[in-house]
file entry11.txt (compact mmCIF, N, CA and C atoms)
# COMPACT_ATOMS: atom_id res chain seq x y z
N MET W 1 -15.90 76.61 0.99
CA MET W 1 -15.30 76.09 -0.21
C MET W 1 -16.08 74.86 -0.67
N LYS W 2 -16.24 74.70 -1.95
CA LYS W 2 -16.99 73.58 -2.51
C LYS W 2 -16.10 72.35 -2.68
N ILE W 3 -16.71 71.18 -2.47
CA ILE W 3 -16.05 69.89 -2.67
C ILE W 3 -17.09 68.96 -3.30
N VAL W 4 -16.63 68.06 -4.17
CA VAL W 4 -17.54 67.14 -4.85
C VAL W 4 -17.29 65.73 -4.32
N ILE W 5 -18.34 65.14 -3.74
CA ILE W 5 -18.20 63.82 -3.14
C ILE W 5 -18.98 62.78 -3.94
N ASN W 6 -18.59 61.54 -3.75
CA ASN W 6 -19.32 60.40 -4.30
C ASN W 6 -20.21 59.81 -3.23
N SER W 7 -19.61 59.49 -2.07
CA SER W 7 -20.38 58.87 -0.99
C SER W 7 -19.56 58.90 0.30
N ILE W 8 -20.23 58.56 1.39
CA ILE W 8 -19.58 58.43 2.69
C ILE W 8 -20.03 57.11 3.29
N ARG W 9 -19.07 56.34 3.76
CA ARG W 9 -19.38 55.08 4.47
C ARG W 9 -18.96 55.30 5.92
N PHE W 10 -19.95 55.47 6.80
CA PHE W 10 -19.67 55.82 8.19
C PHE W 10 -19.29 54.61 9.04
N ASN W 11 -18.11 54.69 9.65
CA ASN W 11 -17.66 53.79 10.72
C ASN W 11 -17.82 52.31 10.38
N ARG W 12 -17.44 51.94 9.15
CA ARG W 12 -17.63 50.56 8.74
C ARG W 12 -16.41 49.90 8.14
N SER W 13 -15.36 50.64 7.83
CA SER W 13 -14.25 50.04 7.10
C SER W 13 -13.13 49.60 8.04
N LEU W 14 -12.66 48.39 7.81
CA LEU W 14 -11.48 47.86 8.50
C LEU W 14 -10.29 47.75 7.56
N VAL W 15 -10.47 48.10 6.29
CA VAL W 15 -9.42 47.88 5.28
C VAL W 15 -8.85 49.16 4.70
N ASP W 16 -9.29 50.32 5.16
CA ASP W 16 -8.85 51.59 4.62
C ASP W 16 -8.02 52.39 5.62
N GLY W 17 -7.18 51.67 6.36
CA GLY W 17 -6.34 52.29 7.37
C GLY W 17 -6.61 51.66 8.72
N PRO W 18 -5.75 51.94 9.69
CA PRO W 18 -5.86 51.33 11.02
C PRO W 18 -7.15 51.70 11.75
N GLY W 19 -7.75 50.71 12.36
CA GLY W 19 -8.97 50.91 13.14
C GLY W 19 -10.22 50.85 12.27
N VAL W 20 -11.35 51.04 12.90
CA VAL W 20 -12.62 51.11 12.20
C VAL W 20 -12.77 52.54 11.71
N ARG W 21 -12.88 52.71 10.38
CA ARG W 21 -12.80 54.05 9.81
C ARG W 21 -14.04 54.41 9.01
N THR W 22 -14.32 55.69 8.98
CA THR W 22 -15.27 56.26 8.04
C THR W 22 -14.49 56.54 6.76
N VAL W 23 -15.11 56.26 5.62
CA VAL W 23 -14.44 56.52 4.34
C VAL W 23 -15.26 57.53 3.55
N LEU W 24 -14.60 58.61 3.19
CA LEU W 24 -15.18 59.65 2.35
C LEU W 24 -14.64 59.43 0.94
N PHE W 25 -15.53 59.11 0.01
CA PHE W 25 -15.14 58.92 -1.38
C PHE W 25 -15.41 60.20 -2.14
N LEU W 26 -14.35 60.82 -2.65
CA LEU W 26 -14.50 62.03 -3.45
C LEU W 26 -14.76 61.66 -4.90
N GLN W 27 -15.36 62.58 -5.62
CA GLN W 27 -15.72 62.34 -7.02
C GLN W 27 -14.67 62.97 -7.93
N GLY W 28 -14.38 62.30 -9.03
CA GLY W 28 -13.44 62.79 -10.03
C GLY W 28 -12.12 62.07 -9.93
N CYS W 29 -11.63 61.58 -11.08
CA CYS W 29 -10.34 60.90 -11.10
C CYS W 29 -9.61 61.20 -12.39
N ASP W 30 -8.35 61.58 -12.28
CA ASP W 30 -7.51 61.85 -13.44
C ASP W 30 -6.56 60.69 -13.74
N ILE W 31 -6.66 59.59 -13.01
CA ILE W 31 -5.76 58.45 -13.20
C ILE W 31 -6.47 57.31 -13.91
N ARG W 32 -7.63 56.92 -13.43
CA ARG W 32 -8.48 55.91 -14.06
C ARG W 32 -7.77 54.58 -14.29
N CYS W 33 -7.36 53.98 -13.20
CA CYS W 33 -6.66 52.70 -13.24
C CYS W 33 -7.55 51.59 -13.80
N ALA W 34 -6.99 50.74 -14.65
CA ALA W 34 -7.70 49.57 -15.12
C ALA W 34 -8.00 48.68 -13.91
N GLY W 35 -9.22 48.21 -13.80
CA GLY W 35 -9.61 47.36 -12.68
C GLY W 35 -10.00 48.13 -11.43
N CYS W 36 -10.15 49.43 -11.52
CA CYS W 36 -10.51 50.27 -10.37
C CYS W 36 -11.81 49.80 -9.74
N GLN W 37 -11.83 49.74 -8.41
CA GLN W 37 -13.05 49.36 -7.71
C GLN W 37 -14.04 50.51 -7.58
N ASN W 38 -13.60 51.72 -7.90
CA ASN W 38 -14.46 52.90 -7.74
C ASN W 38 -14.64 53.67 -9.05
N SER W 39 -14.79 52.97 -10.15
CA SER W 39 -14.92 53.65 -11.45
C SER W 39 -16.14 54.56 -11.51
N SER W 40 -17.13 54.33 -10.68
CA SER W 40 -18.30 55.22 -10.63
C SER W 40 -17.93 56.60 -10.11
N ALA W 41 -16.74 56.74 -9.55
CA ALA W 41 -16.29 58.03 -9.02
C ALA W 41 -15.38 58.78 -9.99
N TRP W 42 -15.25 58.32 -11.20
CA TRP W 42 -14.34 58.96 -12.15
C TRP W 42 -14.81 60.32 -12.65
N GLU W 43 -16.07 60.42 -13.03
CA GLU W 43 -16.59 61.66 -13.65
C GLU W 43 -17.01 62.65 -12.57
N ILE W 44 -16.29 63.75 -12.48
CA ILE W 44 -16.58 64.72 -11.41
C ILE W 44 -17.99 65.28 -11.53
N ALA W 45 -18.50 65.38 -12.74
CA ALA W 45 -19.85 65.92 -12.95
C ALA W 45 -20.94 65.02 -12.36
N ASP W 46 -20.61 63.76 -12.09
CA ASP W 46 -21.60 62.83 -11.55
C ASP W 46 -21.69 62.87 -10.02
N GLY W 47 -20.89 63.73 -9.39
CA GLY W 47 -20.85 63.77 -7.93
C GLY W 47 -21.85 64.72 -7.31
N ILE W 48 -21.77 64.79 -6.00
CA ILE W 48 -22.63 65.66 -5.19
C ILE W 48 -21.77 66.80 -4.67
N GLN W 49 -22.08 68.02 -5.08
CA GLN W 49 -21.32 69.17 -4.62
C GLN W 49 -21.86 69.62 -3.27
N THR W 50 -20.95 69.85 -2.35
CA THR W 50 -21.33 70.34 -1.03
C THR W 50 -20.27 71.33 -0.57
N ASP W 51 -20.50 71.91 0.56
CA ASP W 51 -19.56 72.86 1.14
C ASP W 51 -18.69 72.15 2.18
N THR W 52 -17.41 72.46 2.22
CA THR W 52 -16.52 71.78 3.17
C THR W 52 -16.95 72.01 4.61
N SER W 53 -17.53 73.16 4.92
CA SER W 53 -18.00 73.42 6.28
C SER W 53 -19.17 72.50 6.64
N GLU W 54 -20.09 72.32 5.70
CA GLU W 54 -21.23 71.43 5.94
C GLU W 54 -20.76 69.98 6.05
N LEU W 55 -19.82 69.59 5.20
CA LEU W 55 -19.30 68.23 5.23
C LEU W 55 -18.55 67.98 6.55
N ALA W 56 -17.75 68.94 6.98
CA ALA W 56 -17.03 68.80 8.25
C ALA W 56 -18.01 68.66 9.41
N ALA W 57 -19.08 69.42 9.40
CA ALA W 57 -20.08 69.32 10.47
C ALA W 57 -20.72 67.94 10.48
N LEU W 58 -21.04 67.40 9.31
CA LEU W 58 -21.62 66.07 9.22
C LEU W 58 -20.65 65.01 9.72
N LEU W 59 -19.39 65.12 9.32
CA LEU W 59 -18.38 64.15 9.77
C LEU W 59 -18.17 64.23 11.28
N LYS W 60 -18.14 65.42 11.83
CA LYS W 60 -17.98 65.57 13.28
C LYS W 60 -19.15 64.94 14.03
N LYS W 61 -20.33 65.01 13.46
CA LYS W 61 -21.53 64.46 14.09
C LYS W 61 -21.60 62.94 13.97
N ASP W 62 -21.30 62.41 12.79
CA ASP W 62 -21.58 61.00 12.52
C ASP W 62 -20.35 60.08 12.49
N CYS W 63 -19.17 60.63 12.47
CA CYS W 63 -17.95 59.80 12.53
C CYS W 63 -17.55 59.73 14.01
N ILE W 64 -18.12 58.77 14.70
CA ILE W 64 -18.06 58.76 16.16
C ILE W 64 -16.66 58.56 16.73
N ASN W 65 -15.77 57.88 16.00
CA ASN W 65 -14.44 57.63 16.54
C ASN W 65 -13.36 58.55 15.94
N LYS W 66 -13.76 59.47 15.07
CA LYS W 66 -12.86 60.46 14.47
C LYS W 66 -11.70 59.83 13.70
N LYS W 67 -11.98 58.68 13.05
CA LYS W 67 -11.00 58.04 12.16
C LYS W 67 -11.57 58.14 10.75
N LEU W 68 -10.91 58.93 9.90
CA LEU W 68 -11.42 59.23 8.56
C LEU W 68 -10.38 58.88 7.51
N THR W 69 -10.84 58.20 6.46
CA THR W 69 -10.01 57.98 5.27
C THR W 69 -10.66 58.72 4.12
N ILE W 70 -9.87 59.54 3.44
CA ILE W 70 -10.34 60.27 2.26
C ILE W 70 -9.80 59.53 1.05
N SER W 71 -10.72 59.06 0.22
CA SER W 71 -10.37 58.26 -0.95
C SER W 71 -11.09 58.83 -2.16
N GLY W 72 -11.20 58.05 -3.20
CA GLY W 72 -11.84 58.57 -4.40
C GLY W 72 -12.40 57.48 -5.26
N GLY W 73 -12.49 57.88 -6.48
CA GLY W 73 -11.90 58.92 -7.29
C GLY W 73 -10.45 59.19 -6.88
N GLU W 74 -10.07 60.41 -7.15
CA GLU W 74 -8.71 60.88 -6.83
C GLU W 74 -8.79 62.18 -6.04
N PRO W 75 -8.52 62.10 -4.72
CA PRO W 75 -8.63 63.29 -3.86
C PRO W 75 -7.76 64.47 -4.29
N LEU W 76 -6.62 64.21 -4.89
CA LEU W 76 -5.74 65.33 -5.25
C LEU W 76 -6.30 66.18 -6.39
N MET W 77 -7.33 65.70 -7.08
CA MET W 77 -8.01 66.54 -8.08
C MET W 77 -8.69 67.73 -7.39
N GLN W 78 -8.96 67.58 -6.10
CA GLN W 78 -9.61 68.63 -5.31
C GLN W 78 -8.72 68.99 -4.12
N ALA W 79 -7.44 69.13 -4.36
CA ALA W 79 -6.47 69.29 -3.28
C ALA W 79 -6.79 70.49 -2.37
N ALA W 80 -7.18 71.61 -2.93
CA ALA W 80 -7.47 72.79 -2.11
C ALA W 80 -8.67 72.51 -1.19
N ALA W 81 -9.69 71.86 -1.71
CA ALA W 81 -10.87 71.54 -0.90
C ALA W 81 -10.54 70.49 0.15
N VAL W 82 -9.69 69.51 -0.20
CA VAL W 82 -9.26 68.49 0.77
C VAL W 82 -8.52 69.16 1.91
N TYR W 83 -7.62 70.07 1.60
CA TYR W 83 -6.88 70.78 2.64
C TYR W 83 -7.83 71.58 3.53
N ASP W 84 -8.78 72.27 2.92
CA ASP W 84 -9.75 73.05 3.69
C ASP W 84 -10.53 72.13 4.63
N LEU W 85 -10.95 70.98 4.12
CA LEU W 85 -11.72 70.04 4.94
C LEU W 85 -10.89 69.51 6.11
N ILE W 86 -9.67 69.06 5.84
CA ILE W 86 -8.89 68.48 6.93
C ILE W 86 -8.49 69.53 7.97
N CYS W 87 -8.40 70.77 7.55
CA CYS W 87 -8.15 71.84 8.54
C CYS W 87 -9.35 72.01 9.48
N LYS W 88 -10.52 71.71 9.00
CA LYS W 88 -11.73 71.80 9.81
C LYS W 88 -11.90 70.56 10.71
N LEU W 89 -11.08 69.55 10.48
CA LEU W 89 -11.16 68.28 11.23
C LEU W 89 -9.84 68.02 11.96
N GLU W 90 -9.30 69.03 12.58
CA GLU W 90 -7.97 68.96 13.22
C GLU W 90 -7.80 67.79 14.18
N ASP W 91 -8.86 67.41 14.90
CA ASP W 91 -8.72 66.36 15.90
C ASP W 91 -9.03 64.97 15.34
N PHE W 92 -9.14 64.85 14.03
CA PHE W 92 -9.40 63.56 13.39
C PHE W 92 -8.09 62.85 13.06
N ASP W 93 -8.14 61.54 13.07
CA ASP W 93 -7.06 60.66 12.62
C ASP W 93 -7.35 60.42 11.14
N THR W 94 -6.67 61.16 10.27
CA THR W 94 -7.00 61.19 8.85
C THR W 94 -5.97 60.46 8.01
N ALA W 95 -6.49 59.64 7.08
CA ALA W 95 -5.67 58.97 6.07
C ALA W 95 -6.10 59.51 4.71
N LEU W 96 -5.15 59.64 3.81
CA LEU W 96 -5.44 60.05 2.44
C LEU W 96 -4.99 58.95 1.50
N TYR W 97 -5.90 58.51 0.64
CA TYR W 97 -5.60 57.50 -0.37
C TYR W 97 -5.52 58.20 -1.73
N THR W 98 -4.35 58.15 -2.34
CA THR W 98 -4.15 58.74 -3.66
C THR W 98 -3.46 57.75 -4.58
N GLY W 99 -3.76 57.84 -5.86
CA GLY W 99 -3.08 57.03 -6.86
C GLY W 99 -1.79 57.70 -7.33
N HIS W 100 -1.56 58.91 -6.89
CA HIS W 100 -0.33 59.63 -7.23
C HIS W 100 0.78 59.20 -6.28
N GLU W 101 1.95 59.74 -6.50
CA GLU W 101 3.11 59.44 -5.65
C GLU W 101 3.20 60.47 -4.53
N LYS W 102 3.96 60.14 -3.50
CA LYS W 102 4.08 61.02 -2.33
C LYS W 102 4.55 62.42 -2.70
N GLU W 103 5.48 62.51 -3.63
CA GLU W 103 6.00 63.83 -4.00
C GLU W 103 4.95 64.70 -4.69
N ASP W 104 3.84 64.11 -5.12
CA ASP W 104 2.75 64.86 -5.74
C ASP W 104 1.76 65.42 -4.71
N VAL W 105 1.86 64.97 -3.47
CA VAL W 105 0.93 65.41 -2.43
C VAL W 105 1.44 66.75 -1.88
N PRO W 106 0.61 67.78 -1.91
CA PRO W 106 1.06 69.08 -1.36
C PRO W 106 1.52 68.95 0.09
N GLN W 107 2.60 69.63 0.41
CA GLN W 107 3.18 69.55 1.75
C GLN W 107 2.19 69.98 2.83
N ASP W 108 1.35 70.97 2.53
CA ASP W 108 0.38 71.40 3.55
C ASP W 108 -0.59 70.28 3.90
N ILE W 109 -0.95 69.44 2.94
CA ILE W 109 -1.79 68.28 3.22
C ILE W 109 -1.01 67.24 4.00
N LEU W 110 0.21 66.95 3.58
CA LEU W 110 1.04 65.98 4.30
C LEU W 110 1.21 66.35 5.77
N ASN W 111 1.31 67.63 6.04
CA ASN W 111 1.49 68.10 7.42
C ASN W 111 0.26 67.86 8.28
N LYS W 112 -0.90 67.69 7.68
CA LYS W 112 -2.16 67.60 8.43
C LYS W 112 -2.72 66.19 8.57
N ILE W 113 -2.20 65.24 7.80
CA ILE W 113 -2.75 63.88 7.84
C ILE W 113 -1.85 62.97 8.65
N ARG W 114 -2.40 61.84 9.05
CA ARG W 114 -1.61 60.86 9.79
C ARG W 114 -1.07 59.76 8.87
N TYR W 115 -1.91 59.27 7.95
CA TYR W 115 -1.53 58.17 7.07
C TYR W 115 -1.67 58.57 5.61
N LEU W 116 -0.86 57.93 4.77
CA LEU W 116 -0.89 58.19 3.34
C LEU W 116 -0.73 56.88 2.58
N LYS W 117 -1.64 56.65 1.62
CA LYS W 117 -1.52 55.53 0.69
C LYS W 117 -1.25 56.13 -0.66
N THR W 118 -0.17 55.69 -1.32
CA THR W 118 0.20 56.22 -2.62
C THR W 118 0.36 55.10 -3.64
N GLY W 119 0.31 55.50 -4.90
CA GLY W 119 0.57 54.57 -6.01
C GLY W 119 -0.67 54.19 -6.77
N LYS W 120 -0.50 54.11 -8.07
CA LYS W 120 -1.57 53.70 -8.97
C LYS W 120 -1.90 52.23 -8.74
N PHE W 121 -3.18 51.88 -8.81
CA PHE W 121 -3.57 50.48 -8.72
C PHE W 121 -3.17 49.77 -10.01
N ILE W 122 -2.46 48.65 -9.86
CA ILE W 122 -2.05 47.83 -11.00
C ILE W 122 -2.67 46.45 -10.81
N ALA W 123 -3.64 46.13 -11.67
CA ALA W 123 -4.42 44.91 -11.52
C ALA W 123 -3.53 43.66 -11.50
N LYS W 124 -2.47 43.63 -12.30
CA LYS W 124 -1.59 42.45 -12.34
C LYS W 124 -0.81 42.27 -11.04
N GLN W 125 -0.76 43.32 -10.22
CA GLN W 125 -0.06 43.25 -8.93
C GLN W 125 -1.04 43.27 -7.77
N ARG W 126 -2.29 42.93 -8.03
CA ARG W 126 -3.33 42.93 -7.01
C ARG W 126 -2.92 42.06 -5.82
N THR W 127 -3.24 42.55 -4.63
CA THR W 127 -2.95 41.78 -3.42
C THR W 127 -4.14 41.85 -2.47
N THR W 128 -4.31 40.77 -1.74
CA THR W 128 -5.32 40.75 -0.68
C THR W 128 -4.66 40.49 0.68
N ILE W 129 -3.34 40.40 0.70
CA ILE W 129 -2.65 40.08 1.95
C ILE W 129 -1.85 41.24 2.52
N MET W 130 -1.57 42.27 1.72
CA MET W 130 -0.87 43.45 2.24
C MET W 130 -1.93 44.41 2.78
N PRO W 131 -1.80 44.83 4.03
CA PRO W 131 -2.84 45.69 4.59
C PRO W 131 -2.91 47.06 3.92
N TYR W 132 -4.14 47.51 3.71
CA TYR W 132 -4.48 48.88 3.32
C TYR W 132 -4.12 49.26 1.89
N VAL W 133 -3.69 48.33 1.06
CA VAL W 133 -3.38 48.62 -0.34
C VAL W 133 -4.10 47.61 -1.23
N GLY W 134 -4.21 47.94 -2.52
CA GLY W 134 -4.86 47.05 -3.46
C GLY W 134 -3.89 46.31 -4.36
N SER W 135 -2.69 46.88 -4.55
CA SER W 135 -1.67 46.21 -5.37
C SER W 135 -0.31 46.40 -4.72
N THR W 136 0.59 45.47 -5.00
CA THR W 136 1.87 45.42 -4.28
C THR W 136 2.78 46.61 -4.53
N ASN W 137 2.55 47.36 -5.59
CA ASN W 137 3.37 48.55 -5.85
C ASN W 137 2.99 49.73 -4.97
N GLN W 138 1.81 49.68 -4.36
CA GLN W 138 1.33 50.80 -3.55
C GLN W 138 2.00 50.80 -2.17
N GLN W 139 2.09 51.98 -1.59
CA GLN W 139 2.70 52.16 -0.28
C GLN W 139 1.67 52.75 0.68
N PHE W 140 1.67 52.24 1.90
CA PHE W 140 0.86 52.81 2.98
C PHE W 140 1.82 53.16 4.10
N GLU W 141 1.80 54.39 4.55
CA GLU W 141 2.74 54.79 5.59
C GLU W 141 2.12 55.80 6.55
N GLU W 142 2.66 55.80 7.74
CA GLU W 142 2.31 56.82 8.72
C GLU W 142 3.23 58.00 8.46
N VAL W 143 2.68 59.14 8.12
CA VAL W 143 3.49 60.31 7.80
C VAL W 143 3.60 61.28 8.98
N ASN W 144 2.69 61.18 9.91
CA ASN W 144 2.73 61.99 11.13
C ASN W 144 2.18 61.17 12.28
N HIS W 145 2.84 61.20 13.41
CA HIS W 145 2.33 60.51 14.60
C HIS W 145 1.19 61.32 15.17
N ALA W 146 0.28 60.67 15.86
CA ALA W 146 -0.93 61.29 16.36
C ALA W 146 -0.64 62.57 17.15
N GLN W 147 0.35 62.55 18.01
CA GLN W 147 0.62 63.71 18.86
C GLN W 147 1.25 64.87 18.09
N GLN W 148 1.73 64.62 16.88
CA GLN W 148 2.41 65.68 16.11
C GLN W 148 1.49 66.42 15.16
N ARG W 149 0.25 65.98 15.02
CA ARG W 149 -0.64 66.59 14.03
C ARG W 149 -1.05 67.98 14.43
call {"tool": "encode", "arguments": {"input": "entry11.txt", "output": "structure tokens"}}
result
Amino acid sequence: MKIVINSIRFNRSLVDGPGVRTVLFLQGCDIRCAGCQNSSAWEIADGIQTDTSELAALLKKDCINKKLTISGGEPLMQAAAVYDLICKLEDFDTALYTGHEKEDVPQDILNKIRYLKTGKFIAKQRTTIMPYVGSTNQQFEEVNHAQQR
């Protein structure tokens, strides 16, 4: 299955979920929040198309601690491909960052991830003291415990 990515930051993030995480930035966004830090990921046509099997193989090889955050752009624009990818990464500790609300996340994805960040970024509510979110309206939660995935 095809997926369109913007970039991958291997094993360097401390702010995109618990632990030192690899962050996969997907391309394409249907929300386009004012003040977005990833506006270069808005246009899906500007991304790099790859196969979820190839991407999973790369992540298994180079994400040494198996802690992955899928961000964007907006990952839910490619929900079927995201689900296919996370199914190929069953033993990963996966977080999904979406600007949509929890009820918009497909249940099959919710069942496969450990953490979820929801809510549109609102520049007037920007925060640097709440962990793992950019504005105070956003929520970060553990949706599945590690042993239940």
call {"tool": "atom_distance", "arguments": {"input": "entry11.txt", "atom1": "CA of Tyr97 (chain W)", "atom2": "CA of Leu116 (chain W)"}}
result
6.0 Å
call {"tool": "residues_around", "arguments": {"input": "entry11.txt", "residues": "region 133-148 of chain W", "least_positions_apart": "5", "cutoff": "7 Å", "atoms": "only C-alpha atoms", "output": "PyMOL selection string"}}
result
chain W and resi 113-123+125-128
call {"tool": "residues_around", "arguments": {"input": "entry11.txt", "residues": "Thr22 (chain W)", "least_positions_apart": "6", "cutoff": "6 Å", "atoms": "only C-alpha atoms", "output": "ChimeraX atom specification"}}
result
/W:9-11,68
call {"tool": "residues_near_point", "arguments": {"input": "entry11.txt", "point": "(-19.9, 59.7, 15.3)", "cutoff": "12 Å", "atoms": "only C-alpha atoms", "output": "MDAnalysis selection string"}}
result
chainID W and resid 9:12 20:22 56:68 92
call {"tool": "axis_aligned_box", "arguments": {"input": "entry11.txt", "around": "region 27-31 of chain W", "padding_each_side": "6 Å", "output": "JSON"}}
result
{"center_x": -10.7, "center_y": 60.1, "center_z": -9.8, "size_x": 22.0, "size_y": 17.7, "size_z": 20.3}
call {"tool": "closest_residue", "arguments": {"input": "entry11.txt", "among": "W:Ile70, W:Ile3, W:Leu89, W:Met130", "to": "Phe25 (chain W)", "atoms": "all atoms listed in the file"}}
result
W:Ile70
call {"tool": "atom_distance", "arguments": {"input": "entry11.txt", "atom1": "atom C of Arg32 (chain W)", "atom2": "atom C of Asp46 (chain W)"}}
result
16.8 Å
call {"tool": "residues_around", "arguments": {"input": "entry11.txt", "residues": "region 71-74 of chain W", "least_positions_apart": "6", "cutoff": "7 Å", "atoms": "all atoms listed in the file", "output": "VMD selection string"}}
result
chain W and resid 23 to 31 38 to 42 95 to 99
call {"tool": "write_last_selection", "arguments": {"input": "entry11.txt", "atoms": "N, CA and C atoms", "output": "mmCIF file, in the frame of the given file"}}
result
data_model
loop_
_atom_site.group_PDB
_atom_site.id
_atom_site.type_symbol
_atom_site.label_atom_id
_atom_site.label_comp_id
_atom_site.auth_asym_id
_atom_site.auth_seq_id
_atom_site.Cartn_x
_atom_site.Cartn_y
_atom_site.Cartn_z
ATOM 1 N N VAL W 23 -15.110 56.260 5.620
ATOM 2 C CA VAL W 23 -14.440 56.520 4.340
ATOM 3 C C VAL W 23 -15.260 57.530 3.550
ATOM 4 N N LEU W 24 -14.600 58.610 3.190
ATOM 5 C CA LEU W 24 -15.180 59.650 2.350
ATOM 6 C C LEU W 24 -14.640 59.430 0.940
ATOM 7 N N PHE W 25 -15.530 59.110 0.010
ATOM 8 C CA PHE W 25 -15.140 58.920 -1.380
ATOM 9 C C PHE W 25 -15.410 60.200 -2.140
ATOM 10 N N LEU W 26 -14.350 60.820 -2.650
ATOM 11 C CA LEU W 26 -14.500 62.030 -3.450
ATOM 12 C C LEU W 26 -14.760 61.660 -4.900
ATOM 13 N N GLN W 27 -15.360 62.580 -5.620
ATOM 14 C CA GLN W 27 -15.720 62.340 -7.020
ATOM 15 C C GLN W 27 -14.670 62.970 -7.930
ATOM 16 N N GLY W 28 -14.380 62.300 -9.030
ATOM 17 C CA GLY W 28 -13.440 62.790 -10.030
ATOM 18 C C GLY W 28 -12.120 62.070 -9.930
ATOM 19 N N CYS W 29 -11.630 61.580 -11.080
ATOM 20 C CA CYS W 29 -10.340 60.900 -11.100
ATOM 21 C C CYS W 29 -9.610 61.200 -12.390
ATOM 22 N N ASP W 30 -8.350 61.580 -12.280
ATOM 23 C CA ASP W 30 -7.510 61.850 -13.440
ATOM 24 C C ASP W 30 -6.560 60.690 -13.740
ATOM 25 N N ILE W 31 -6.660 59.590 -13.010
ATOM 26 C CA ILE W 31 -5.760 58.450 -13.200
ATOM 27 C C ILE W 31 -6.470 57.310 -13.910
ATOM 28 N N ASN W 38 -13.600 51.720 -7.900
ATOM 29 C CA ASN W 38 -14.460 52.900 -7.740
ATOM 30 C C ASN W 38 -14.640 53.670 -9.050
ATOM 31 N N SER W 39 -14.790 52.970 -10.150
ATOM 32 C CA SER W 39 -14.920 53.650 -11.450
ATOM 33 C C SER W 39 -16.140 54.560 -11.510
ATOM 34 N N SER W 40 -17.130 54.330 -10.680
ATOM 35 C CA SER W 40 -18.300 55.220 -10.630
ATOM 36 C C SER W 40 -17.930 56.600 -10.110
ATOM 37 N N ALA W 41 -16.740 56.740 -9.550
ATOM 38 C CA ALA W 41 -16.290 58.030 -9.020
ATOM 39 C C ALA W 41 -15.380 58.780 -9.990
ATOM 40 N N TRP W 42 -15.250 58.320 -11.200
ATOM 41 C CA TRP W 42 -14.340 58.960 -12.150
ATOM 42 C C TRP W 42 -14.810 60.320 -12.650
ATOM 43 N N ALA W 95 -6.490 59.640 7.080
ATOM 44 C CA ALA W 95 -5.670 58.970 6.070
ATOM 45 C C ALA W 95 -6.100 59.510 4.710
ATOM 46 N N LEU W 96 -5.150 59.640 3.810
ATOM 47 C CA LEU W 96 -5.440 60.050 2.440
ATOM 48 C C LEU W 96 -4.990 58.950 1.500
ATOM 49 N N TYR W 97 -5.900 58.510 0.640
ATOM 50 C CA TYR W 97 -5.600 57.500 -0.370
ATOM 51 C C TYR W 97 -5.520 58.200 -1.730
ATOM 52 N N THR W 98 -4.350 58.150 -2.340
ATOM 53 C CA THR W 98 -4.150 58.740 -3.660
ATOM 54 C C THR W 98 -3.460 57.750 -4.580
ATOM 55 N N GLY W 99 -3.760 57.840 -5.860
ATOM 56 C CA GLY W 99 -3.080 57.030 -6.860
ATOM 57 C C GLY W 99 -1.790 57.700 -7.330
#
call {"tool": "atom_distance", "arguments": {"input": "entry11.txt", "atom1": "atom C of Ile44 (chain W)", "atom2": "atom C of Ala79 (chain W)"}}
result
15.4 Å
call {"tool": "select_by_dssp", "arguments": {"input": "entry11.txt", "residues": "region 17-90 of chain W", "states": "helix (DSSP H, G or I)", "output": "MDAnalysis selection string"}}
result
chainID W and resid 39:41 44:46 52:62 75:88
